[in-house]
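Just below is one structure, and these are the notes that go with it.
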Amino acid sequence: MIIKKVMVIGAGQMGSGIAQVCAMNGYDVTLHDLKAEFVERGITGIRKQLKRQVDKGRITNDEMETFLSRISTSVELKNAENVDIVIEAAVENMEVKKNLFAQLDEFAPEHAILATNTSSLPITEIAAVTKRPEKVIGMHFMNPVPVMKLVEIIRGLATSEDVFISVKNMAESLKKIAVEVNDFPGFVSNRILMPMINEAIYTVYEGVASPKDVDEVMRLGMNHPMGPLTLADFIGLDTCLYIMETLHEGFGDDKYRPCPLLRKYVKAGWLGKKSGRGFYTYE
Ligand code: CAA
Ligand code: NAD
């Protein structure tokens with residue numbers, strides 16, 4: 001199946017990154033969020049990223065304008081009516097995603113694929129609220145999307161082979177490397193990454209070391225590009241908590257219990273870089 005028109009739901013850090021990469025690789029993109037100001041914030045972020053590429057001499061100003069002209073904005077889900085694929089990147093919450101998929105199933109054309117960028121939630125359960133579970137699939141990009149090579153692809157129980165191949169081809173057309181994994185909580189990426197981040201938070205909670213020292217140990221001792229607490233702030237502490245809750249509930253094993261300090265920060269609105277404060281503070 002030929003994919004040309006993409007709708008991205010959620011203009012946060014992942015949605016805007018996905019929209020940027022799609023536009024840079026020739027797709028027509030509709031970037032959707034709940035409010036016009038949220039979409040505008042996403043577009044401003046994309047412009048800033050592209051401008052940086054222009055300043056580094058990697059793309060021309062004209063190319064930047066061409067990429068931006070491929071992105072239109074939306075606050076109405078009915079704008080899904082002429083797309084070939086929807087990539088949902090709204091908040092990591094099952095009820096929100098089910099609600100969105102039920103509506104997208106009504107609005108999107110029959111042939112359209114409904115993909116989700118969920119970090120951890122079961123694809124099969126999301127697919128079950130639609131009348132097209134064979135066209136629902138997980139397409140899990142990594143943050144920051146323009147830089148990271150991996151896309152995890154996750155089939156739900158009913159996902160068709162054609163849909164899998166189309167989505168794999170699309171990921172490759174975005175110059176990403178697709179790895180297929182099975183539909184279990186957290187897939188592979190977050191089943192391994194998030195318990196490490198949670199353990200780093202426990203290390204701070206139990207007074208073993210400060211956030212800066214925990215990060216220093218992992219950066220200098222294990223050659224990680226970012227320490228786990230810097231990475232948690234970068235991902236978003238709300239997203240980290242949602243993922244830990246999904247692992248905890250999905251596997252029922254206490255080893256996935258979210259650290260109380262993570263819960264406390266999220267309750268305080270300390271969501272990391274995006275809110276200006278998490279384990280560190282940001283301008
Ligand atoms: N958006 C776009 N590009 C960005 C960026 C952003 N937010 N941040 C950095 N970059 C680009 C820079 O422009 C630079 O590009 P060039 O080399 O082409 O000039 C490149 O990335 C390197 O950036 P810097 O030199 O400024 O900084 P760095 O060397 O420290 O790299 C990093 C930044 C790539 C983010 C690196 O720190 C890193 O790899 N961190 C770990 C990221 C990671 O683990 N991501 C996965 C998170 S988990 C996830 O995504 C799954 C989930 O479901 C939660
Ligand atoms: P974010 O908080 O930066 O952005 C989420 C956006 O979704 C916001 O702009 C919000 O207004 C919008 N939104 C919320 N509910 C919506 C709805 N009903 N309809 C339309 N838009 C809605 O979050 P993010 O970091 O971009 O994460 C988005 C998704 O991507 C989550 O499922 C997350 O688990 C996943 N993900 C995140 C990362 C990461 O590192 N942050 C990496 C991979 C995947």
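Chain labels follow the order of the structure tokens: the first chain is A, the next B, and so on; residue numbering restarts at 1 in every chain, and ligands are counted from 1 in their shown order.
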For chain A against ligand 1, with a cut-off of 10 Å and counting only C-alpha atoms and all ligand atoms, what is the closest atom pair and its distance in Å to one decimal for every residue that makes the cut, ordered by chain and number, as JSON lines?
{"residue": "A:Gln13", "atom": "CA", "partner": "ligand 1", "partner_atom_place_in_ligand_line": "7 (N)", "distance": 7.9}
{"residue": "A:Met14", "atom": "CA", "partner": "ligand 1", "partner_atom_place_in_ligand_line": "50 (O)", "distance": 8.4}
{"residue": "A:Ser16", "atom": "CA", "partner": "ligand 1", "partner_atom_place_in_ligand_line": "1 (N)", "distance": 9.7}
{"residue": "A:Gly17", "atom": "CA", "partner": "ligand 1", "partner_atom_place_in_ligand_line": "1 (N)", "distance": 7.2}
{"residue": "A:Gln20", "atom": "CA", "partner": "ligand 1", "partner_atom_place_in_ligand_line": "2 (C)", "distance": 9.6}
{"residue": "A:Gly45", "atom": "CA", "partner": "ligand 1", "partner_atom_place_in_ligand_line": "1 (N)", "distance": 8.8}
{"residue": "A:Ile46", "atom": "CA", "partner": "ligand 1", "partner_atom_place_in_ligand_line": "1 (N)", "distance": 8.7}
{"residue": "A:Lys48", "atom": "CA", "partner": "ligand 1", "partner_atom_place_in_ligand_line": "2 (C)", "distance": 9.3}
{"residue": "A:Gln49", "atom": "CA", "partner": "ligand 1", "partner_atom_place_in_ligand_line": "2 (C)", "distance": 6.0}
{"residue": "A:Leu50", "atom": "CA", "partner": "ligand 1", "partner_atom_place_in_ligand_line": "2 (C)", "distance": 8.8}
{"residue": "A:Arg52", "atom": "CA", "partner": "ligand 1", "partner_atom_place_in_ligand_line": "13 (O)", "distance": 7.1}
{"residue": "A:Gln53", "atom": "CA", "partner": "ligand 1", "partner_atom_place_in_ligand_line": "18 (O)", "distance": 7.5}
{"residue": "A:Lys56", "atom": "CA", "partner": "ligand 1", "partner_atom_place_in_ligand_line": "19 (O)", "distance": 7.4}
{"residue": "A:Arg58", "atom": "CA", "partner": "ligand 1", "partner_atom_place_in_ligand_line": "18 (O)", "distance": 8.6}
{"residue": "A:Glu92", "atom": "CA", "partner": "ligand 1", "partner_atom_place_in_ligand_line": "53 (O)", "distance": 9.3}
{"residue": "A:Asn117", "atom": "CA", "partner": "ligand 1", "partner_atom_place_in_ligand_line": "53 (O)", "distance": 8.0}
{"residue": "A:Thr118", "atom": "CA", "partner": "ligand 1", "partner_atom_place_in_ligand_line": "53 (O)", "distance": 6.9}
{"residue": "A:Ser119", "atom": "CA", "partner": "ligand 1", "partner_atom_place_in_ligand_line": "53 (O)", "distance": 3.9}
{"residue": "A:Ser120", "atom": "CA", "partner": "ligand 1", "partner_atom_place_in_ligand_line": "53 (O)", "distance": 7.1}
{"residue": "A:His140", "atom": "CA", "partner": "ligand 1", "partner_atom_place_in_ligand_line": "53 (O)", "distance": 7.0}
{"residue": "A:Phe141", "atom": "CA", "partner": "ligand 1", "partner_atom_place_in_ligand_line": "50 (O)", "distance": 6.5}
{"residue": "A:Met142", "atom": "CA", "partner": "ligand 1", "partner_atom_place_in_ligand_line": "50 (O)", "distance": 3.4}
{"residue": "A:Asn143", "atom": "CA", "partner": "ligand 1", "partner_atom_place_in_ligand_line": "50 (O)", "distance": 3.7}
{"residue": "A:Pro144", "atom": "CA", "partner": "ligand 1", "partner_atom_place_in_ligand_line": "1 (N)", "distance": 4.8}
{"residue": "A:Val145", "atom": "CA", "partner": "ligand 1", "partner_atom_place_in_ligand_line": "2 (C)", "distance": 6.7}
{"residue": "A:Pro146", "atom": "CA", "partner": "ligand 1", "partner_atom_place_in_ligand_line": "2 (C)", "distance": 5.2}
{"residue": "A:Val147", "atom": "CA", "partner": "ligand 1", "partner_atom_place_in_ligand_line": "3 (N)", "distance": 5.5}
{"residue": "A:Met148", "atom": "CA", "partner": "ligand 1", "partner_atom_place_in_ligand_line": "45 (N)", "distance": 6.9}
{"residue": "A:Lys149", "atom": "CA", "partner": "ligand 1", "partner_atom_place_in_ligand_line": "45 (N)", "distance": 9.9}
{"residue": "A:Leu150", "atom": "CA", "partner": "ligand 1", "partner_atom_place_in_ligand_line": "50 (O)", "distance": 9.1}
{"residue": "A:Val151", "atom": "CA", "partner": "ligand 1", "partner_atom_place_in_ligand_line": "51 (C)", "distance": 9.5}
{"residue": "A:Glu152", "atom": "CA", "partner": "ligand 1", "partner_atom_place_in_ligand_line": "51 (C)", "distance": 9.5}
{"residue": "A:Gly186", "atom": "CA", "partner": "ligand 1", "partner_atom_place_in_ligand_line": "53 (O)", "distance": 8.1}
{"residue": "A:Phe187", "atom": "CA", "partner": "ligand 1", "partner_atom_place_in_ligand_line": "53 (O)", "distance": 9.5}
{"residue": "A:Val188", "atom": "CA", "partner": "ligand 1", "partner_atom_place_in_ligand_line": "51 (C)", "distance": 10.0}
{"residue": "A:Ser189", "atom": "CA", "partner": "ligand 1", "partner_atom_place_in_ligand_line": "51 (C)", "distance": 6.5}
{"residue": "A:Asn190", "atom": "CA", "partner": "ligand 1", "partner_atom_place_in_ligand_line": "53 (O)", "distance": 6.2}
{"residue": "A:Arg191", "atom": "CA", "partner": "ligand 1", "partner_atom_place_in_ligand_line": "53 (O)", "distance": 9.8}
{"residue": "A:Leu193", "atom": "CA", "partner": "ligand 1", "partner_atom_place_in_ligand_line": "48 (S)", "distance": 7.2}
{"residue": "A:Met194", "atom": "CA", "partner": "ligand 1", "partner_atom_place_in_ligand_line": "54 (C)", "distance": 7.8}
{"residue": "A:His224", "atom": "CA", "partner": "ligand 1", "partner_atom_place_in_ligand_line": "41 (C)", "distance": 7.5}
{"residue": "A:Pro225", "atom": "CA", "partner": "ligand 1", "partner_atom_place_in_ligand_line": "37 (O)", "distance": 4.8}
{"residue": "A:Met226", "atom": "CA", "partner": "ligand 1", "partner_atom_place_in_ligand_line": "37 (O)", "distance": 5.1}
{"residue": "A:Gly227", "atom": "CA", "partner": "ligand 1", "partner_atom_place_in_ligand_line": "41 (C)", "distance": 8.4}
{"residue": "A:Pro228", "atom": "CA", "partner": "ligand 1", "partner_atom_place_in_ligand_line": "44 (O)", "distance": 8.7}
{"residue": "A:Thr230", "atom": "CA", "partner": "ligand 1", "partner_atom_place_in_ligand_line": "40 (N)", "distance": 8.9}
{"residue": "A:Leu231", "atom": "CA", "partner": "ligand 1", "partner_atom_place_in_ligand_line": "41 (C)", "distance": 6.4}
{"residue": "A:Ala232", "atom": "CA", "partner": "ligand 1", "partner_atom_place_in_ligand_line": "47 (C)", "distance": 8.2}
{"residue": "A:Phe234", "atom": "CA", "partner": "ligand 1", "partner_atom_place_in_ligand_line": "47 (C)", "distance": 7.7}
{"residue": "A:Ile235", "atom": "CA", "partner": "ligand 1", "partner_atom_place_in_ligand_line": "54 (C)", "distance": 5.5}
{"residue": "A:Gly236", "atom": "CA", "partner": "ligand 1", "partner_atom_place_in_ligand_line": "54 (C)", "distance": 8.1}
{"residue": "A:Leu237", "atom": "CA", "partner": "ligand 1", "partner_atom_place_in_ligand_line": "54 (C)", "distance": 9.8}
{"residue": "A:Thr239", "atom": "CA", "partner": "ligand 1", "partner_atom_place_in_ligand_line": "54 (C)", "distance": 7.0}
{"residue": "A:Cys240", "atom": "CA", "partner": "ligand 1", "partner_atom_place_in_ligand_line": "54 (C)", "distance": 6.9}
{"residue": "A:Ile243", "atom": "CA", "partner": "ligand 1", "partner_atom_place_in_ligand_line": "54 (C)", "distance": 8.1}
Handout entry: Residues within 9 Å of Leu241 of chain A, only C-alpha atoms, excluding chain neighbours under 2 positions, as a list in words
Key = Asn198, Gly236, Leu237, Asp238, Thr239, Ile243, Met244, Glu245, Thr246, Pro258, Cys259, Leu262, Arg263 and Val266 of chain A
9 Å contact set for Val29 of chain A, only C-alpha atoms, chain neighbours under 6 positions out, as a JSON list (two decimals) with C-alpha atoms, in the first residue's frame:
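Everything below was put into around.json:
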[["chain", "number", "residue", "atom", "x", "y", "z"],
["A", 4, "LYS", "CA", 1.65, 9.65, 1.16],
["A", 5, "LYS", "CA", -0.50, 11.51, 3.67],
["A", 6, "VAL", "CA", 0.24, 11.23, 7.35],
["A", 7, "MET", "CA", -1.65, 12.60, 10.33],
["A", 8, "VAL", "CA", 0.26, 12.91, 13.59],
["A", 19, "ALA", "CA", 6.02, 15.27, 11.86],
["A", 20, "GLN", "CA", 9.42, 16.87, 11.14],
["A", 22, "CYS", "CA", 8.00, 12.74, 7.81],
["A", 23, "ALA", "CA", 8.01, 16.21, 6.17],
["A", 70, "ARG", "CA", 4.35, 20.11, 3.83],
["A", 71, "ILE", "CA", 2.98, 20.39, 7.38],
["A", 72, "SER", "CA", -0.59, 21.58, 7.93],
["A", 73, "THR", "CA", -2.23, 21.95, 11.32],
["A", 83, "VAL", "CA", -4.97, 10.39, 5.22]]
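For the choices A:Val214, A:Val204, A:Ile9, A:Val54, the atom-to-atom distance to Leu114 of chain A is smallest for A:Ile9 when using only C-alpha atoms.
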Exercise for the section: Find, counting only C-alpha atoms, the residue in A:Ile3, A:Glu65, A:Val75, A:Val181 that gets nearest to Thr30 of chain A. Expected result: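 Of A:Ile3, A:Glu65, A:Val75, A:Val181, the one nearest Thr30 of chain A, counting only C-alpha atoms, is A:Val75.
Of the residues listed (A:Asp233, A:Glu106, A:Glu180, A:Glu81), A:Asp233 shows the shortest atom-to-atom separation from ligand 2; distances use only C-alpha atoms and all ligand atoms.
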Fill in the blank from the handout: Of A:Glu216, A:Tyr205, A:Ala102, A:Phe279, the one nearest to Leu261 of chain A when counting only C-alpha atoms is A:Tyr205
Practice task
Write out as a PyMOL selection string all residues of segment 8-74 of chain A that DSSP puts in strand (DSSP E or B) for this structure's backbone.
Solution key: chain A and resi 8-9+28-32+71-74
Those selected residues, please, written with N, CA, C and O atoms and delivered as a PDB file, in the first residue's frame.
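To be explicit, this is the file written out as part_9.pdb:
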ATOM      1  N   VAL A   8      -0.407  13.189  12.326  1.00  0.00           N
ATOM      2  CA  VAL A   8       0.260  12.913  13.592  1.00  0.00           C
ATOM      3  C   VAL A   8      -0.595  13.518  14.697  1.00  0.00           C
ATOM      4  O   VAL A   8      -0.928  14.707  14.664  1.00  0.00           O
ATOM      5  N   ILE A   9      -0.969  12.692  15.666  1.00  0.00           N
ATOM      6  CA  ILE A   9      -1.823  13.150  16.769  1.00  0.00           C
ATOM      7  C   ILE A   9      -0.940  13.445  17.984  1.00  0.00           C
ATOM      8  O   ILE A   9      -0.236  12.556  18.467  1.00  0.00           O
ATOM      9  N   ASP A  28       3.254  14.377   3.097  1.00  0.00           N
ATOM     10  CA  ASP A  28       2.367  15.476   3.506  1.00  0.00           C
ATOM     11  C   ASP A  28       1.886  15.155   4.902  1.00  0.00           C
ATOM     12  O   ASP A  28       1.394  14.045   5.151  1.00  0.00           O
ATOM     13  N   VAL A  29       2.015  16.122   5.808  1.00  0.00           N
ATOM     14  CA  VAL A  29       1.736  15.838   7.218  1.00  0.00           C
ATOM     15  C   VAL A  29       0.661  16.783   7.754  1.00  0.00           C
ATOM     16  O   VAL A  29       0.696  17.981   7.494  1.00  0.00           O
ATOM     17  N   THR A  30      -0.265  16.230   8.517  1.00  0.00           N
ATOM     18  CA  THR A  30      -1.203  17.052   9.286  1.00  0.00           C
ATOM     19  C   THR A  30      -0.846  16.845  10.752  1.00  0.00           C
ATOM     20  O   THR A  30      -0.883  15.710  11.248  1.00  0.00           O
ATOM     21  N   LEU A  31      -0.478  17.925  11.420  1.00  0.00           N
ATOM     22  CA  LEU A  31      -0.088  17.829  12.838  1.00  0.00           C
ATOM     23  C   LEU A  31      -1.274  18.296  13.680  1.00  0.00           C
ATOM     24  O   LEU A  31      -1.748  19.423  13.537  1.00  0.00           O
ATOM     25  N   HIS A  32      -1.732  17.397  14.553  1.00  0.00           N
ATOM     26  CA  HIS A  32      -2.976  17.637  15.301  1.00  0.00           C
ATOM     27  C   HIS A  32      -2.731  17.671  16.805  1.00  0.00           C
ATOM     28  O   HIS A  32      -1.945  16.888  17.335  1.00  0.00           O
ATOM     29  N   ILE A  71       3.684  20.676   6.118  1.00  0.00           N
ATOM     30  CA  ILE A  71       2.976  20.394   7.381  1.00  0.00           C
ATOM     31  C   ILE A  71       1.779  21.327   7.531  1.00  0.00           C
ATOM     32  O   ILE A  71       1.937  22.553   7.536  1.00  0.00           O
ATOM     33  N   SER A  72       0.586  20.753   7.622  1.00  0.00           N
ATOM     34  CA  SER A  72      -0.589  21.575   7.932  1.00  0.00           C
ATOM     35  C   SER A  72      -1.036  21.251   9.356  1.00  0.00           C
ATOM     36  O   SER A  72      -0.590  20.255   9.947  1.00  0.00           O
ATOM     37  N   THR A  73      -1.889  22.093   9.906  1.00  0.00           N
ATOM     38  CA  THR A  73      -2.231  21.950  11.318  1.00  0.00           C
ATOM     39  C   THR A  73      -3.702  21.561  11.482  1.00  0.00           C
ATOM     40  O   THR A  73      -4.509  21.792  10.580  1.00  0.00           O
ATOM     41  N   SER A  74      -4.010  20.993  12.645  1.00  0.00           N
ATOM     42  CA  SER A  74      -5.383  20.532  12.876  1.00  0.00           C
ATOM     43  C   SER A  74      -5.724  20.526  14.360  1.00  0.00           C
ATOM     44  O   SER A  74      -4.872  20.200  15.199  1.00  0.00           O
TER      45      SER A  74
END
Practice task
Return the single residue from A:Leu121, A:Ala178, A:Ala108, A:Ile113 that is closest to ligand 2, with distances computed using only C-alpha atoms and all ligand atoms.
Solution key: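 Of all the options, A:Leu121 lies closest to ligand 2.
Nearest to ligand 2 of all the residues A:Leu220, A:Leu271, A:Ala128, A:Met1 is A:Leu271, based on only C-alpha atoms and all ligand atoms.
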Those in segment 46-183 of chain A with helix (DSSP H, G or I) from DSSP, as a compact mmCIF listing (two decimals) with C-alpha atoms, in the first residue's frame:
# COMPACT_ATOMS: atom_id res chain seq x y z
CA ILE A 46 10.18 22.07 14.29
CA ARG A 47 11.16 25.42 12.74
CA LYS A 48 13.86 25.83 15.41
CA GLN A 49 15.29 22.36 14.71
CA LEU A 50 15.29 22.94 10.95
CA LYS A 51 16.86 26.40 11.35
CA ARG A 52 19.70 24.73 13.25
CA GLN A 53 20.24 22.43 10.25
CA VAL A 54 20.31 25.49 7.96
CA ASP A 55 22.85 27.22 10.22
CA ASN A 61 16.69 27.91 3.62
CA ASP A 62 14.50 26.93 0.64
CA GLU A 63 14.55 23.29 1.71
CA MET A 64 13.52 24.32 5.21
CA GLU A 65 10.56 26.26 3.80
CA THR A 66 9.61 23.30 1.56
CA PHE A 67 9.64 20.94 4.57
CA LEU A 68 7.55 23.37 6.62
CA SER A 69 5.08 23.86 3.75
CA LEU A 77 -10.00 14.75 14.33
CA LYS A 78 -12.24 14.74 11.26
CA ASN A 79 -9.17 15.99 9.36
CA ALA A 80 -8.20 12.30 9.34
CA GLU A 81 -10.70 11.87 6.48
CA ASN A 82 -8.12 11.88 3.66
CA MET A 94 -4.83 3.91 27.79
CA GLU A 95 -8.17 5.70 28.17
CA VAL A 96 -6.96 8.67 26.08
CA LYS A 97 -5.59 6.36 23.39
CA LYS A 98 -8.73 4.18 23.27
CA ASN A 99 -10.89 7.25 22.96
CA LEU A 100 -8.72 8.63 20.15
CA PHE A 101 -8.62 5.32 18.25
CA ALA A 102 -12.39 4.87 18.48
CA GLN A 103 -12.86 8.34 16.93
CA LEU A 104 -10.08 7.93 14.36
CA ASP A 105 -11.74 4.67 13.27
CA GLU A 106 -14.86 6.71 12.46
CA PHE A 107 -13.09 9.51 10.60
CA ILE A 123 -1.38 -2.65 20.89
CA THR A 124 -3.98 -5.44 20.90
CA GLU A 125 -6.07 -3.63 23.53
CA ILE A 126 -5.94 -0.33 21.61
CA ALA A 127 -6.83 -2.15 18.37
CA PRO A 133 -7.75 -4.23 14.27
CA GLU A 134 -5.85 -5.64 11.26
CA LYS A 135 -4.78 -2.06 10.44
CA GLU A 161 1.17 -8.78 7.15
CA ASP A 162 0.45 -6.03 4.55
CA VAL A 163 0.15 -3.40 7.25
CA PHE A 164 3.33 -4.59 8.95
CA ILE A 165 5.26 -4.41 5.66
CA SER A 166 3.87 -0.95 4.79
CA VAL A 167 4.86 0.44 8.19
CA LYS A 168 8.31 -1.16 8.05
CA ASN A 169 8.82 0.34 4.58
CA MET A 170 7.66 3.71 5.82
CA ALA A 171 10.10 3.60 8.76
CA GLU A 172 12.91 2.80 6.31
CA SER A 173 11.84 5.67 4.04
Exercise for the section: Quote the spacing between atom CA of Ile192 of chain A and atom 38 (C, counted along the ligand's line) of ligand 2 in Å to one decimal place. Expected result: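 Separation of atom CA of Ile192 of chain A and atom 38 (C, counted along the ligand's line) of ligand 2: 14.4 Å.
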Practice task
Take atom CA of Phe251 of chain A and atom 43 (C, counted along the ligand's line) of ligand 2 and report the distance between them in Å, one decimal.
Solution key: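 Between atom CA of Phe251 of chain A and atom 43 (C, counted along the ligand's line) of ligand 2 the gap works out to 20.4 Å.
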